[in-house]
file final.cif (mmCIF, C-alpha atoms)
data_protein
#
loop_
_atom_site.group_PDB
_atom_site.id
_atom_site.type_symbol
_atom_site.label_atom_id
_atom_site.label_comp_id
_atom_site.auth_asym_id
_atom_site.auth_seq_id
_atom_site.Cartn_x
_atom_site.Cartn_y
_atom_site.Cartn_z
ATOM 1 C CA MET A 1 100.430 89.110 120.121
ATOM 2 C CA ARG A 2 103.780 90.581 119.154
ATOM 3 C CA GLY A 3 104.186 93.991 117.659
ATOM 4 C CA LEU A 4 106.047 94.782 114.496
ATOM 5 C CA THR A 5 109.666 95.844 114.151
ATOM 6 C CA ILE A 6 110.965 97.151 110.824
ATOM 7 C CA ASP A 7 114.636 97.857 110.162
ATOM 8 C CA ARG A 8 115.611 99.684 106.977
ATOM 9 C CA ASN A 9 118.954 98.864 105.352
ATOM 10 C CA HIS A 10 120.717 99.164 102.016
ATOM 11 C CA PHE A 11 122.581 96.458 100.136
ATOM 12 C CA GLY A 12 124.170 96.302 96.738
ATOM 13 C CA PRO A 13 124.151 99.356 94.516
ATOM 14 C CA ASP A 14 120.396 99.640 93.974
ATOM 15 C CA TRP A 15 118.570 97.857 96.779
ATOM 16 C CA SER A 16 116.961 98.823 100.069
ATOM 17 C CA SER A 17 115.575 96.251 102.449
ATOM 18 C CA LEU A 18 112.969 96.308 105.151
ATOM 19 C CA ALA A 19 113.663 93.545 107.668
ATOM 20 C CA VAL A 20 110.303 92.825 109.263
ATOM 21 C CA SER A 21 109.973 91.010 112.596
ATOM 22 C CA GLY A 22 106.767 90.134 114.406
ATOM 23 C CA GLU A 23 103.217 89.792 113.183
ATOM 24 C CA ILE A 24 101.829 91.493 110.090
ATOM 25 C CA ASP A 25 98.099 91.813 110.558
ATOM 26 C CA LEU A 26 95.286 94.332 110.669
ATOM 27 C CA ALA A 27 96.795 95.968 113.760
ATOM 28 C CA THR A 28 100.287 96.448 112.251
ATOM 29 C CA VAL A 29 99.904 96.551 108.470
ATOM 30 C CA ASP A 30 99.697 100.353 108.327
ATOM 31 C CA GLU A 31 103.184 100.545 109.837
ATOM 32 C CA LEU A 32 104.560 98.288 107.082
ATOM 33 C CA ASP A 33 102.683 100.175 104.382
ATOM 34 C CA LYS A 34 104.089 103.486 105.646
ATOM 35 C CA GLU A 35 107.676 102.161 105.509
ATOM 36 C CA ILE A 36 107.202 100.736 102.004
ATOM 37 C CA LYS A 37 105.780 104.034 100.759
ATOM 38 C CA SER A 38 108.673 105.896 102.365
ATOM 39 C CA VAL A 39 111.152 103.821 100.355
ATOM 40 C CA LEU A 40 109.122 104.292 97.181
ATOM 41 C CA GLU A 41 108.993 108.067 97.628
ATOM 42 C CA SER A 42 112.529 108.700 98.842
ATOM 43 C CA ASP A 43 114.803 106.162 97.160
ATOM 44 C CA GLY A 44 115.324 105.655 93.477
ATOM 45 C CA GLY A 45 116.161 102.005 93.965
ATOM 46 C CA ASN A 46 114.526 98.668 94.439
ATOM 47 C CA LEU A 47 113.051 97.141 97.588
ATOM 48 C CA ALA A 48 113.317 93.746 99.237
ATOM 49 C CA VAL A 49 110.978 93.051 102.140
ATOM 50 C CA ASP A 50 112.706 90.505 104.351
ATOM 51 C CA LEU A 51 110.115 88.369 106.117
ATOM 52 C CA ARG A 52 112.459 85.679 107.452
ATOM 53 C CA THR A 53 111.924 86.712 111.076
ATOM 54 C CA SER A 54 108.203 87.439 110.792
ATOM 55 C CA ASP A 55 105.964 85.069 112.732
ATOM 56 C CA PHE A 56 102.610 85.622 111.081
ATOM 57 C CA MET A 57 100.923 87.428 108.208
ATOM 58 C CA ASP A 58 97.224 87.664 107.439
ATOM 59 C CA SER A 59 95.442 88.711 104.247
ATOM 60 C CA THR A 60 95.875 92.423 105.008
ATOM 61 C CA GLY A 61 99.651 91.959 105.021
ATOM 62 C CA LEU A 62 99.493 89.968 101.817
ATOM 63 C CA ARG A 63 97.416 92.678 100.157
ATOM 64 C CA CYS A 64 99.899 95.344 101.295
ATOM 65 C CA LEU A 65 102.756 93.448 99.627
ATOM 66 C CA VAL A 66 100.805 92.868 96.405
ATOM 67 C CA MET A 67 99.980 96.577 96.201
ATOM 68 C CA ALA A 68 103.616 97.477 96.921
ATOM 69 C CA ASP A 69 104.768 95.222 94.095
ATOM 70 C CA ARG A 70 102.319 96.967 91.762
ATOM 71 C CA SER A 71 103.551 100.416 92.823
ATOM 72 C CA PHE A 72 107.199 99.498 92.302
ATOM 73 C CA ARG A 73 106.434 98.011 88.864
ATOM 74 C CA GLU A 74 104.606 101.195 87.867
ATOM 75 C CA ALA A 75 107.719 103.152 88.881
ATOM 76 C CA ASP A 76 109.950 100.815 86.778
ATOM 77 C CA ARG A 77 111.599 99.488 89.920
ATOM 78 C CA LYS A 78 112.016 96.002 91.344
ATOM 79 C CA PHE A 79 110.275 94.572 94.382
ATOM 80 C CA ALA A 80 111.019 91.247 96.047
ATOM 81 C CA LEU A 81 110.210 89.247 99.146
ATOM 82 C CA VAL A 82 112.820 87.385 101.150
ATOM 83 C CA VAL A 83 111.126 84.340 102.631
ATOM 84 C CA THR A 84 112.169 80.952 103.984
ATOM 85 C CA ASN A 85 110.033 77.953 104.892
ATOM 86 C CA GLY A 86 107.302 78.552 107.425
ATOM 87 C CA PRO A 87 103.774 79.912 107.743
ATOM 88 C CA ILE A 88 104.418 83.021 105.653
ATOM 89 C CA SER A 89 105.953 80.929 102.879
ATOM 90 C CA ARG A 90 102.882 78.662 102.912
ATOM 91 C CA LEU A 91 100.536 81.665 102.733
ATOM 92 C CA ILE A 92 102.452 83.038 99.747
ATOM 93 C CA ASP A 93 102.416 79.649 97.999
ATOM 94 C CA LEU A 94 98.715 79.033 98.640
ATOM 95 C CA SER A 95 97.709 82.520 97.514
ATOM 96 C CA GLY A 96 99.631 82.291 94.238
ATOM 97 C CA VAL A 97 101.452 85.542 94.964
ATOM 98 C CA ASP A 98 104.722 83.786 94.149
ATOM 99 C CA SER A 99 103.689 83.808 90.487
ATOM 100 C CA THR A 100 103.767 87.623 90.369
ATOM 101 C CA ILE A 101 106.162 88.798 93.084
ATOM 102 C CA GLN A 102 109.812 87.791 93.012
ATOM 103 C CA ILE A 103 110.552 85.512 95.960
ATOM 104 C CA VAL A 104 114.098 84.749 97.139
ATOM 105 C CA SER A 105 115.495 82.995 100.201
ATOM 106 C CA SER A 106 118.373 85.474 100.668
ATOM 107 C CA PRO A 107 118.919 89.115 99.642
ATOM 108 C CA ASP A 108 122.196 88.000 98.011
ATOM 109 C CA GLU A 109 120.157 86.293 95.288
ATOM 110 C CA LEU A 110 118.997 89.721 94.118
ATOM 111 C CA LEU A 111 122.553 90.852 93.396
ATOM 112 C CA THR A 112 123.323 88.226 90.765
#
call {"tool": "encode", "arguments": {"input": "final.cif", "output": "structure tokens"}}
result
Amino acid sequence: MRGLTIDRNHFGPDWSSLAVSGEIDLATVDELDKEIKSVLESDGGNLAVDLRTSDFMDSTGLRCLVMADRSFREADRKFALVVTNGPISRLIDLSGVDSTIQIVSSPDELLT
């Protein structure tokens, strides 16, 4: 089992990103939730959660992201996931989350 690493960055005029590496599961989801809430409370901008280097995500991670999307929408802000092919992409597709949360393959897509 790998831990979770989260790096916070800014890109474009209105976006923050959380680059998440490792496994998002019951043991690590609180760490991700804390970082997302920190962005929501401190920044006035939008958030992209970059999952391209994440190895695994279970239903607790998926729920965290769905709730984050809801919170950002309620604050009139944008929320997106950066995902490429792999197990996390399959989980998102199978769950139907891609019909509600904006999914992109690169943060640059959010700047157009």
call {"tool": "resolve_selection", "arguments": {"input": "final.cif", "expression": "the PyMOL selection byres ((chain A and resi 33) around 12)", "output": "MDAnalysis selection string"}}
result
chainID A and resid 4 6 18 20 24:32 34:40 49 60:69 71
call {"tool": "closest_residue", "arguments": {"input": "final.cif", "among": "A:Thr53, A:Ser95, A:Gln102, A:Thr112", "to": "Ala80 in chain A", "atoms": "all atoms listed in the file"}}
result
A:Gln102
call {"tool": "residues_near_point", "arguments": {"input": "final.cif", "point": "(113.3, 89.8, 99.4)", "cutoff": "9 Å", "atoms": "all atoms listed in the file", "output": "ChimeraX atom specification"}}
result
/A:17-18,47-51,79-83,102-107,109-110
call {"tool": "closest_residue", "arguments": {"input": "final.cif", "among": "A:Ser59, A:Glu74, A:Gly44, A:Ser21", "to": "Leu94 in chain A", "atoms": "all atoms listed in the file"}}
result
A:Ser59
call {"tool": "resolve_selection", "arguments": {"input": "final.cif", "expression": "the PyMOL selection byres ((chain A and resi 14) around 8)", "output": "number ranges by chain"}}
result
A: 11-13, 15-16, 44-46
call {"tool": "atom_distance", "arguments": {"input": "final.cif", "atom1": "CA of Leu111 in chain A", "atom2": "CA of Glu23 in chain A"}}
result
27.7 Å
call {"tool": "atom_distance", "arguments": {"input": "final.cif", "atom1": "CA of Asp98 in chain A", "atom2": "CA of Thr84 in chain A"}}
result
12.7 Å
call {"tool": "atom_distance", "arguments": {"input": "final.cif", "atom1": "CA of Gly22 in chain A", "atom2": "CA of Gly3 in chain A"}}
result
5.7 Å
call {"tool": "closest_residue", "arguments": {"input": "final.cif", "among": "A:Ala19, A:Phe56, A:His10, A:Ala75", "to": "Arg90 in chain A", "atoms": "only C-alpha atoms"}}
result
A:Phe56
call {"tool": "decode", "arguments": {"input": "final.cif", "residues": "range 45-94 of chain A", "atoms": "N, CA and C atoms", "output": "JSON list (two decimals), in the first residue's frame"}}
result
[["chain", "number", "residue", "atom", "x", "y", "z"],
["A", 45, "GLY", "N", -10.99, 30.86, -6.30],
["A", 45, "GLY", "CA", -10.99, 30.31, -7.65],
["A", 45, "GLY", "C", -11.54, 28.91, -7.73],
["A", 46, "ASN", "N", -11.24, 28.30, -8.85],
["A", 46, "ASN", "CA", -11.72, 26.97, -9.20],
["A", 46, "ASN", "C", -10.67, 25.94, -8.82],
["A", 47, "LEU", "N", -11.07, 24.66, -8.86],
["A", 47, "LEU", "CA", -10.15, 23.59, -8.48],
["A", 47, "LEU", "C", -10.18, 22.45, -9.48],
["A", 48, "ALA", "N", -8.97, 22.02, -9.86],
["A", 48, "ALA", "CA", -8.80, 20.80, -10.65],
["A", 48, "ALA", "C", -8.04, 19.81, -9.79],
["A", 49, "VAL", "N", -8.59, 18.62, -9.63],
["A", 49, "VAL", "CA", -7.91, 17.55, -8.92],
["A", 49, "VAL", "C", -7.27, 16.65, -9.97],
["A", 50, "ASP", "N", -5.96, 16.64, -9.99],
["A", 50, "ASP", "CA", -5.20, 15.91, -11.01],
["A", 50, "ASP", "C", -4.89, 14.51, -10.49],
["A", 51, "LEU", "N", -5.55, 13.52, -11.10],
["A", 51, "LEU", "CA", -5.42, 12.14, -10.66],
["A", 51, "LEU", "C", -4.55, 11.30, -11.60],
["A", 52, "ARG", "N", -3.82, 11.94, -12.49],
["A", 52, "ARG", "CA", -3.05, 11.20, -13.50],
["A", 52, "ARG", "C", -1.98, 10.31, -12.90],
["A", 53, "THR", "N", -1.47, 10.63, -11.73],
["A", 53, "THR", "CA", -0.44, 9.78, -11.12],
["A", 53, "THR", "C", -0.96, 9.01, -9.92],
["A", 54, "SER", "N", -2.27, 8.95, -9.77],
["A", 54, "SER", "CA", -2.87, 8.14, -8.71],
["A", 54, "SER", "C", -2.99, 6.70, -9.21],
["A", 55, "ASP", "N", -2.73, 5.77, -8.32],
["A", 55, "ASP", "CA", -2.75, 4.34, -8.67],
["A", 55, "ASP", "C", -4.10, 3.69, -8.47],
["A", 56, "PHE", "N", -4.85, 4.18, -7.49],
["A", 56, "PHE", "CA", -6.06, 3.47, -7.07],
["A", 56, "PHE", "C", -7.00, 4.45, -6.39],
["A", 57, "MET", "N", -8.30, 4.22, -6.55],
["A", 57, "MET", "CA", -9.30, 4.98, -5.81],
["A", 57, "MET", "C", -10.47, 4.07, -5.54],
["A", 58, "ASP", "N", -10.94, 4.05, -4.29],
["A", 58, "ASP", "CA", -12.12, 3.27, -3.96],
["A", 58, "ASP", "C", -13.34, 4.18, -3.86],
["A", 59, "SER", "N", -14.45, 3.64, -3.39],
["A", 59, "SER", "CA", -15.70, 4.40, -3.35],
["A", 59, "SER", "C", -15.63, 5.58, -2.38],
["A", 60, "THR", "N", -14.79, 5.51, -1.35],
["A", 60, "THR", "CA", -14.69, 6.65, -0.44],
["A", 60, "THR", "C", -14.03, 7.84, -1.14],
["A", 61, "GLY", "N", -13.05, 7.56, -1.99],
["A", 61, "GLY", "CA", -12.43, 8.63, -2.78],
["A", 61, "GLY", "C", -13.40, 9.22, -3.78],
["A", 62, "LEU", "N", -14.17, 8.36, -4.42],
["A", 62, "LEU", "CA", -15.17, 8.82, -5.38],
["A", 62, "LEU", "C", -16.20, 9.70, -4.69],
["A", 63, "ARG", "N", -16.65, 9.29, -3.53],
["A", 63, "ARG", "CA", -17.63, 10.09, -2.78],
["A", 63, "ARG", "C", -17.05, 11.45, -2.40],
["A", 64, "CYS", "N", -15.80, 11.47, -1.98],
["A", 64, "CYS", "CA", -15.13, 12.73, -1.63],
["A", 64, "CYS", "C", -15.15, 13.69, -2.80],
["A", 65, "LEU", "N", -14.86, 13.19, -3.99],
["A", 65, "LEU", "CA", -14.83, 14.05, -5.19],
["A", 65, "LEU", "C", -16.22, 14.53, -5.59],
["A", 66, "VAL", "N", -17.21, 13.66, -5.46],
["A", 66, "VAL", "CA", -18.59, 14.06, -5.76],
["A", 66, "VAL", "C", -19.05, 15.16, -4.80],
["A", 67, "MET", "N", -18.72, 15.00, -3.52],
["A", 67, "MET", "CA", -19.11, 16.02, -2.53],
["A", 67, "MET", "C", -18.35, 17.32, -2.77],
["A", 68, "ALA", "N", -17.10, 17.23, -3.19],
["A", 68, "ALA", "CA", -16.32, 18.44, -3.49],
["A", 68, "ALA", "C", -16.94, 19.18, -4.67],
["A", 69, "ASP", "N", -17.32, 18.44, -5.70],
["A", 69, "ASP", "CA", -17.98, 19.06, -6.85],
["A", 69, "ASP", "C", -19.23, 19.81, -6.41],
["A", 70, "ARG", "N", -20.01, 19.19, -5.56],
["A", 70, "ARG", "CA", -21.24, 19.82, -5.05],
["A", 70, "ARG", "C", -20.92, 21.11, -4.29],
["A", 71, "SER", "N", -19.90, 21.06, -3.44],
["A", 71, "SER", "CA", -19.52, 22.24, -2.65],
["A", 71, "SER", "C", -19.05, 23.38, -3.55],
["A", 72, "PHE", "N", -18.27, 23.07, -4.56],
["A", 72, "PHE", "CA", -17.79, 24.11, -5.47],
["A", 72, "PHE", "C", -18.95, 24.70, -6.27],
["A", 73, "ARG", "N", -19.88, 23.86, -6.71],
["A", 73, "ARG", "CA", -21.05, 24.37, -7.44],
["A", 73, "ARG", "C", -21.88, 25.31, -6.56],
["A", 74, "GLU", "N", -22.06, 24.92, -5.30],
["A", 74, "GLU", "CA", -22.82, 25.76, -4.38],
["A", 74, "GLU", "C", -22.14, 27.10, -4.15],
["A", 75, "ALA", "N", -20.83, 27.15, -4.30],
["A", 75, "ALA", "CA", -20.07, 28.39, -4.14],
["A", 75, "ALA", "C", -19.89, 29.13, -5.47],
["A", 76, "ASP", "N", -20.61, 28.68, -6.52],
["A", 76, "ASP", "CA", -20.51, 29.27, -7.87],
["A", 76, "ASP", "C", -19.08, 29.23, -8.40],
["A", 77, "ARG", "N", -18.42, 28.12, -8.16],
["A", 77, "ARG", "CA", -17.06, 27.91, -8.64],
["A", 77, "ARG", "C", -16.99, 26.60, -9.42],
["A", 78, "LYS", "N", -15.94, 26.46, -10.21],
["A", 78, "LYS", "CA", -15.80, 25.26, -11.04],
["A", 78, "LYS", "C", -14.91, 24.23, -10.36],
["A", 79, "PHE", "N", -15.22, 22.97, -10.66],
["A", 79, "PHE", "CA", -14.47, 21.84, -10.15],
["A", 79, "PHE", "C", -14.29, 20.85, -11.29],
["A", 80, "ALA", "N", -13.08, 20.32, -11.43],
["A", 80, "ALA", "CA", -12.82, 19.37, -12.51],
["A", 80, "ALA", "C", -11.84, 18.32, -12.05],
["A", 81, "LEU", "N", -11.87, 17.19, -12.75],
["A", 81, "LEU", "CA", -10.91, 16.12, -12.52],
["A", 81, "LEU", "C", -10.03, 15.98, -13.75],
["A", 82, "VAL", "N", -8.75, 15.80, -13.53],
["A", 82, "VAL", "CA", -7.81, 15.55, -14.62],
["A", 82, "VAL", "C", -7.46, 14.06, -14.54],
["A", 83, "VAL", "N", -7.89, 13.33, -15.57],
["A", 83, "VAL", "CA", -7.76, 11.88, -15.55],
["A", 83, "VAL", "C", -7.37, 11.38, -16.93],
["A", 84, "THR", "N", -6.49, 10.39, -16.98],
["A", 84, "THR", "CA", -6.18, 9.70, -18.23],
["A", 84, "THR", "C", -6.61, 8.25, -18.09],
["A", 85, "ASN", "N", -6.44, 7.48, -19.12],
["A", 85, "ASN", "CA", -6.85, 6.07, -19.10],
["A", 85, "ASN", "C", -6.21, 5.32, -17.95],
["A", 86, "GLY", "N", -6.96, 4.39, -17.39],
["A", 86, "GLY", "CA", -6.44, 3.58, -16.30],
["A", 86, "GLY", "C", -7.56, 3.21, -15.34],
["A", 87, "PRO", "N", -7.22, 2.63, -14.21],
["A", 87, "PRO", "CA", -8.25, 2.16, -13.28],
["A", 87, "PRO", "C", -9.14, 3.27, -12.73],
["A", 88, "ILE", "N", -8.58, 4.44, -12.49],
["A", 88, "ILE", "CA", -9.41, 5.53, -11.96],
["A", 88, "ILE", "C", -10.38, 6.02, -13.03],
["A", 89, "SER", "N", -9.92, 6.09, -14.26],
["A", 89, "SER", "CA", -10.79, 6.47, -15.37],
["A", 89, "SER", "C", -11.94, 5.47, -15.52],
["A", 90, "ARG", "N", -11.64, 4.19, -15.39],
["A", 90, "ARG", "CA", -12.69, 3.16, -15.50],
["A", 90, "ARG", "C", -13.70, 3.30, -14.37],
["A", 91, "LEU", "N", -13.22, 3.55, -13.15],
["A", 91, "LEU", "CA", -14.13, 3.74, -12.01],
["A", 91, "LEU", "C", -15.06, 4.93, -12.26],
["A", 92, "ILE", "N", -14.51, 6.02, -12.75],
["A", 92, "ILE", "CA", -15.31, 7.21, -13.02],
["A", 92, "ILE", "C", -16.35, 6.92, -14.11],
["A", 93, "ASP", "N", -15.94, 6.24, -15.16],
["A", 93, "ASP", "CA", -16.87, 5.88, -16.24],
["A", 93, "ASP", "C", -17.98, 4.97, -15.75],
["A", 94, "LEU", "N", -17.61, 3.92, -15.02],
["A", 94, "LEU", "CA", -18.59, 2.95, -14.54],
["A", 94, "LEU", "C", -19.57, 3.55, -13.55]]
